[in-house]
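Novice: Below is a structure I'd like to ask you about.
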Amino acid sequence: MGGVTLAVFDFDGTLIRGDSITAYLRFARQRGFVTFSELAAAGWAAVRFRLGLTDAANAKTIALRFRKRADSPQLDALDEAFARQLLARVYPDGLARIAACRAQGDRIILLSASTINYMRFVAAGLQADHLICSGLDAQGRVFPNVRGEEKVQQLKSYISSLPEPPDLQASSAYGDSASDIPLLELTGHPYLVNPGRKALKKAQGRIPVLTWRK
């Protein structure tokens, strides 16, 4: 089958260790953007999310509420500085895999549940061909939250926008969590990177495992 091939990379937990939205809040707090009450509200929202009392989009929206008080140039500078910090945390094996995929002609897709304000700088730093991530609307709400099944829908929407269908059987995808598995299995070459027990159990040995370390 002809057509372009894709290499789809999740970010948090896959190309870097841990969750970037938590690190972003700490980064903004250290630079005086986040008040103690805003930090406490974000922490409580995270607890409520873990207990199933709110969804991820609402928890992220609360975490990013501080952005309403800052002007755009300040926020752009904050986001770009944070992105540089994230890029320094990317696993060398991840960078090598991106380079190898690019060298063989794959279109590099960065697909993340993290938000566009800093992911656009990360995507530029990784020289990704296309970024799919959670958005921020005019009211500062996270929408859509590109997580789980929403990742699948967003990738399918991107694919439908291409001039010709890509060769998904020759394409690859990389993720770390159980919720990434439906996305990974859209391609012929799925990989779980540093997966936890839940992801391994759900994959049932169907997906090769990669171990990437700093």
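Numbering starts fresh at 1 for the residues of each chain in the structure tokens, the chains themselves are lettered A, B, ... in the order given, and ligands are numbered from 1 as they appear.
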What are the DSSP alpha helix (DSSP H) residues of segment 51-163 of chain A, as a PyMOL selection string?
Specialist: chain A and resi 56-63+72-89+92-103+116-125+149-161
Novice: Residues at most 6 Å from segment 160-175 of chain A, counting only C-alpha atoms, excluding those fewer than 4 positions away in the same chain, as a PDB file with C-alpha atoms, in the first residue's frame?
Specialist:
```
ATOM      1  CA  GLY A   3       0.786   6.769   0.877  1.00  0.00           C
ATOM      2  CA  VAL A   4       2.586   8.702   3.560  1.00  0.00           C
ATOM      3  CA  THR A   5       3.558   6.910   6.772  1.00  0.00           C
ATOM      4  CA  LEU A   6       3.060   8.388  10.219  1.00  0.00           C
ATOM      5  CA  ALA A   7       5.058   8.147  13.435  1.00  0.00           C
ATOM      6  CA  VAL A   8       2.737   9.180  16.266  1.00  0.00           C
ATOM      7  CA  PHE A   9       4.271  10.046  19.645  1.00  0.00           C
ATOM      8  CA  ASP A  10       2.491  10.627  22.934  1.00  0.00           C
ATOM      9  CA  THR A  14       6.376   8.482  26.735  1.00  0.00           C
ATOM     10  CA  ASP A 180      -3.205   4.999  24.705  1.00  0.00           C
ATOM     11  CA  LEU A 184      -1.492   2.634  19.220  1.00  0.00           C
ATOM     12  CA  THR A 187      -1.075   1.541  13.318  1.00  0.00           C
ATOM     13  CA  GLY A 188       0.729  -1.571  12.190  1.00  0.00           C
ATOM     14  CA  HIS A 189       3.681  -0.891  14.481  1.00  0.00           C
ATOM     15  CA  PRO A 190       2.477   0.059  17.982  1.00  0.00           C
ATOM     16  CA  TYR A 191       4.889   0.379  20.923  1.00  0.00           C
ATOM     17  CA  LEU A 192       4.395   0.763  24.659  1.00  0.00           C
ATOM     18  CA  VAL A 193       7.129   2.880  26.245  1.00  0.00           C
TER      19      VAL A 193
END
```
Novice: Find the distance between atom CA of Arg48 of chain A and atom CA of Leu64 of chain A and write it in Å to one decimal.
Specialist: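 Going from atom CA of Arg48 of chain A over to atom CA of Leu64 of chain A, I get 16.0 Å.
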Novice: Got a sec: who's within 7 Å of segment 130-138 of chain A, counting only C-alpha atoms, leaving out chain neighbours fewer than 2 positions off, as a PyMOL selection string?
Specialist: chain A and resi 108-116+123+128+140-146
Novice: Select from segment 112-181 of chain A every residue with an atom at most 12 Å from any atom of segment 71-80 of chain A, then for each give the shortest pair of atoms and their distance in Å to one decimal, using only C-alpha atoms, rows by chain and rising number, as a Markdown table.
Specialist:
```
| residue | atom | partner | partner_atom | distance |
| --- | --- | --- | --- | --- |
| A:Thr115 | CA | A:Asp79 | CA | 10.4 |
| A:Ile116 | CA | A:Asp79 | CA | 9.6 |
| A:Asn117 | CA | A:Asp79 | CA | 6.3 |
| A:Tyr118 | CA | A:Asp79 | CA | 4.8 |
| A:Met119 | CA | A:Asp79 | CA | 8.4 |
| A:Arg120 | CA | A:Glu80 | CA | 8.8 |
| A:Phe121 | CA | A:Glu80 | CA | 5.9 |
| A:Val122 | CA | A:Glu80 | CA | 8.2 |
| A:Ala123 | CA | A:Glu80 | CA | 11.2 |
| A:Ala124 | CA | A:Glu80 | CA | 10.4 |
| A:Gly125 | CA | A:Glu80 | CA | 10.1 |
```
Novice: Go ahead and write the selection's residues with C-alpha atoms as an mmCIF file, in the first residue's frame.
Specialist:
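What follows is the written file out.cif:
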```cif
data_model
loop_
_atom_site.group_PDB
_atom_site.id
_atom_site.type_symbol
_atom_site.label_atom_id
_atom_site.label_comp_id
_atom_site.auth_asym_id
_atom_site.auth_seq_id
_atom_site.Cartn_x
_atom_site.Cartn_y
_atom_site.Cartn_z
ATOM 1 C CA THR A 115 -2.217 21.931 26.472
ATOM 2 C CA ILE A 116 -1.331 23.920 23.396
ATOM 3 C CA ASN A 117 0.085 26.945 25.211
ATOM 4 C CA TYR A 118 3.405 25.174 25.829
ATOM 5 C CA MET A 119 3.082 22.101 23.589
ATOM 6 C CA ARG A 120 3.348 24.320 20.479
ATOM 7 C CA PHE A 121 6.878 25.243 21.576
ATOM 8 C CA VAL A 122 7.694 21.607 22.371
ATOM 9 C CA ALA A 123 6.469 20.523 18.926
ATOM 10 C CA ALA A 124 8.635 23.181 17.287
ATOM 11 C CA GLY A 125 11.652 22.053 19.305
#
```
Novice: For the atom pair atom CA of Gly196 of chain A and atom CA of Asp176 of chain A, what is the interatomic distance in Å to one decimal place?
Specialist: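 Separation between atom CA of Gly196 of chain A and atom CA of Asp176 of chain A: 7.5 Å.
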Novice: Nearest residue to Ile98 of chain A out of A:Ala57, A:Ile62, A:Leu15, A:Leu200, using only C-alpha atoms?
Specialist: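 Answer, going by the shortest atom-to-atom distance: A:Leu15.
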Novice: Would you please extract all strand (DSSP E or B) residues from segment 109-175 of chain A, as assigned by DSSP on the backbone, and give them as a list in words?
Specialist: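 Reading the DSSP output for segment 109-175 of chain A, strand (DSSP E or B) covers Ile109, Leu110, Leu111, Ser112, Ala113, Ser114, Thr115, His130, Leu131, Ile132, Cys133, Ser134, Leu136, Val142, Ser172, Ala173, Tyr174 and Gly175 of chain A.
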Novice: How would the residues just picked look written out with N, CA and C atoms as an mmCIF file, in the first residue's frame?
Specialist:
```cif
data_model
loop_
_atom_site.group_PDB
_atom_site.id
_atom_site.type_symbol
_atom_site.label_atom_id
_atom_site.label_comp_id
_atom_site.auth_asym_id
_atom_site.auth_seq_id
_atom_site.Cartn_x
_atom_site.Cartn_y
_atom_site.Cartn_z
ATOM 1 N N ILE A 109 4.112 13.018 14.162
ATOM 2 C CA ILE A 109 2.918 13.575 14.791
ATOM 3 C C ILE A 109 3.107 13.533 16.305
ATOM 4 N N LEU A 110 3.036 14.684 16.943
ATOM 5 C CA LEU A 110 3.068 14.752 18.400
ATOM 6 C C LEU A 110 1.623 14.848 18.876
ATOM 7 N N LEU A 111 1.184 13.868 19.659
ATOM 8 C CA LEU A 111 -0.222 13.774 20.059
ATOM 9 C C LEU A 111 -0.276 13.694 21.574
ATOM 10 N N SER A 112 -0.768 14.761 22.214
ATOM 11 C CA SER A 112 -0.650 14.870 23.669
ATOM 12 C C SER A 112 -1.917 15.402 24.317
ATOM 13 N N ALA A 113 -2.161 14.943 25.537
ATOM 14 C CA ALA A 113 -3.257 15.494 26.338
ATOM 15 C C ALA A 113 -2.867 16.822 26.982
ATOM 16 N N SER A 114 -1.588 17.166 26.930
ATOM 17 C CA SER A 114 -1.144 18.442 27.478
ATOM 18 C C SER A 114 -1.618 19.582 26.586
ATOM 19 N N THR A 115 -1.552 20.805 27.127
ATOM 20 C CA THR A 115 -2.217 21.931 26.472
ATOM 21 C C THR A 115 -1.326 22.681 25.487
ATOM 22 N N HIS A 130 3.372 17.792 12.754
ATOM 23 C CA HIS A 130 2.009 18.182 13.133
ATOM 24 C C HIS A 130 1.821 17.950 14.624
ATOM 25 N N LEU A 131 1.095 18.861 15.264
ATOM 26 C CA LEU A 131 0.788 18.755 16.693
ATOM 27 C C LEU A 131 -0.718 18.586 16.877
ATOM 28 N N ILE A 132 -1.087 17.589 17.683
ATOM 29 C CA ILE A 132 -2.465 17.412 18.135
ATOM 30 C C ILE A 132 -2.403 17.399 19.657
ATOM 31 N N CYS A 133 -3.120 18.327 20.298
ATOM 32 C CA CYS A 133 -3.061 18.395 21.761
ATOM 33 C C CYS A 133 -4.323 19.048 22.297
ATOM 34 N N SER A 134 -4.423 19.108 23.610
ATOM 35 C CA SER A 134 -5.583 19.743 24.235
ATOM 36 C C SER A 134 -5.548 21.249 23.973
ATOM 37 N N LEU A 136 -7.160 25.351 24.467
ATOM 38 C CA LEU A 136 -7.685 26.300 25.459
ATOM 39 C C LEU A 136 -8.638 27.235 24.736
ATOM 40 N N VAL A 142 -10.091 24.120 29.162
ATOM 41 C CA VAL A 142 -9.420 23.092 28.365
ATOM 42 C C VAL A 142 -10.463 22.364 27.533
ATOM 43 N N SER A 172 3.733 3.890 12.672
ATOM 44 C CA SER A 172 4.040 3.477 14.043
ATOM 45 C C SER A 172 3.437 4.461 15.031
ATOM 46 N N ALA A 173 3.252 4.002 16.267
ATOM 47 C CA ALA A 173 2.721 4.859 17.327
ATOM 48 C C ALA A 173 3.337 4.446 18.655
ATOM 49 N N TYR A 174 3.547 5.437 19.533
ATOM 50 C CA TYR A 174 4.263 5.239 20.786
ATOM 51 C C TYR A 174 3.474 5.876 21.926
ATOM 52 N N GLY A 175 3.185 5.099 22.966
ATOM 53 C CA GLY A 175 2.466 5.607 24.119
ATOM 54 C C GLY A 175 2.844 4.817 25.351
#
```
Novice: Could you check which of A:Phe49, A:Asp12, A:Ala59, A:Ile159 is closest to Arg107 of chain A, using only C-alpha atoms?
Specialist: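 Of A:Phe49, A:Asp12, A:Ala59, A:Ile159, the one nearest Arg107 of chain A, counting only C-alpha atoms, is A:Ile159.
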Novice: Set the distance at 10 Å and use only C-alpha atoms: which residues neighbour Leu39 of chain A once local chain neighbours fewer than 2 positions away are removed? I'd like the list as a PDB file with N, CA and C atoms, in the first residue's frame.
Specialist:
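Written file, around-v5.pdb:
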```pdb
ATOM      1  N   LEU A  25       2.655  23.873  36.418  1.00  0.00           N
ATOM      2  CA  LEU A  25       2.099  24.644  37.529  1.00  0.00           C
ATOM      3  C   LEU A  25       3.200  25.014  38.520  1.00  0.00           C
ATOM      4  N   ARG A  26       4.082  24.073  38.820  1.00  0.00           N
ATOM      5  CA  ARG A  26       5.209  24.364  39.721  1.00  0.00           C
ATOM      6  C   ARG A  26       6.115  25.436  39.115  1.00  0.00           C
ATOM      7  N   ARG A  29       4.469  28.752  39.393  1.00  0.00           N
ATOM      8  CA  ARG A  29       4.464  29.169  40.786  1.00  0.00           C
ATOM      9  C   ARG A  29       5.823  29.753  41.181  1.00  0.00           C
ATOM     10  N   VAL A  34       1.502  32.094  40.049  1.00  0.00           N
ATOM     11  CA  VAL A  34       0.443  31.317  40.704  1.00  0.00           C
ATOM     12  C   VAL A  34       0.401  31.657  42.190  1.00  0.00           C
ATOM     13  N   THR A  35      -0.759  32.055  42.688  1.00  0.00           N
ATOM     14  CA  THR A  35      -0.923  32.339  44.117  1.00  0.00           C
ATOM     15  C   THR A  35      -1.073  31.037  44.898  1.00  0.00           C
ATOM     16  N   PHE A  36      -0.923  31.144  46.213  1.00  0.00           N
ATOM     17  CA  PHE A  36      -1.083  29.952  47.054  1.00  0.00           C
ATOM     18  C   PHE A  36      -2.498  29.388  46.932  1.00  0.00           C
ATOM     19  N   SER A  37      -3.499  30.269  46.894  1.00  0.00           N
ATOM     20  CA  SER A  37      -4.883  29.787  46.804  1.00  0.00           C
ATOM     21  C   SER A  37      -5.132  29.090  45.469  1.00  0.00           C
ATOM     22  N   ALA A  41      -6.201  25.232  45.040  1.00  0.00           N
ATOM     23  CA  ALA A  41      -7.376  24.851  44.238  1.00  0.00           C
ATOM     24  C   ALA A  41      -7.003  23.807  43.192  1.00  0.00           C
ATOM     25  N   ALA A  42      -5.834  23.976  42.588  1.00  0.00           N
ATOM     26  CA  ALA A  42      -5.383  23.002  41.588  1.00  0.00           C
ATOM     27  C   ALA A  42      -5.115  21.644  42.239  1.00  0.00           C
ATOM     28  N   GLY A  43      -4.520  21.670  43.434  1.00  0.00           N
ATOM     29  CA  GLY A  43      -4.261  20.414  44.148  1.00  0.00           C
ATOM     30  C   GLY A  43      -5.546  19.696  44.517  1.00  0.00           C
ATOM     31  N   TRP A  44      -6.551  20.450  44.964  1.00  0.00           N
ATOM     32  CA  TRP A  44      -7.836  19.850  45.316  1.00  0.00           C
ATOM     33  C   TRP A  44      -8.534  19.303  44.074  1.00  0.00           C
ATOM     34  N   ALA A  45      -8.419  20.013  42.954  1.00  0.00           N
ATOM     35  CA  ALA A  45      -9.005  19.527  41.700  1.00  0.00           C
ATOM     36  C   ALA A  45      -8.353  18.217  41.279  1.00  0.00           C
ATOM     37  N   ILE A  62      -8.890  24.295  36.028  1.00  0.00           N
ATOM     38  CA  ILE A  62      -8.644  24.916  37.331  1.00  0.00           C
ATOM     39  C   ILE A  62      -7.150  25.174  37.528  1.00  0.00           C
ATOM     40  N   ALA A  63      -6.317  24.217  37.118  1.00  0.00           N
ATOM     41  CA  ALA A  63      -4.867  24.379  37.264  1.00  0.00           C
ATOM     42  C   ALA A  63      -4.344  25.564  36.458  1.00  0.00           C
ATOM     43  N   LEU A  64      -4.986  25.851  35.326  1.00  0.00           N
ATOM     44  CA  LEU A  64      -4.508  26.917  34.441  1.00  0.00           C
ATOM     45  C   LEU A  64      -5.239  28.239  34.650  1.00  0.00           C
ATOM     46  N   ARG A  65      -6.033  28.338  35.706  1.00  0.00           N
ATOM     47  CA  ARG A  65      -6.841  29.533  35.942  1.00  0.00           C
ATOM     48  C   ARG A  65      -5.984  30.791  36.103  1.00  0.00           C
ATOM     49  N   PHE A  66      -4.777  30.623  36.606  1.00  0.00           N
ATOM     50  CA  PHE A  66      -3.892  31.773  36.812  1.00  0.00           C
ATOM     51  C   PHE A  66      -3.606  32.536  35.529  1.00  0.00           C
TER      52      PHE A  66
END
```
Novice: When distances are computed from only C-alpha atoms, which of A:Val90, A:Ala99, A:Asp55, A:Lys151 shows the smallest separation from Gln127 of chain A?
Specialist: A:Ala99
Novice: Quick one: distance from atom CA of Leu186 of chain A to atom CA of Ala203 of chain A in Å, one decimal?
Specialist: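 Between atom CA of Leu186 of chain A and atom CA of Ala203 of chain A the gap works out to 13.5 Å.
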Novice: Using only C-alpha atoms, which residue out of A:Thr61, A:Val152, A:Leu210, A:Gly52 lies closest to Arg97 of chain A?
Specialist: A:Leu210
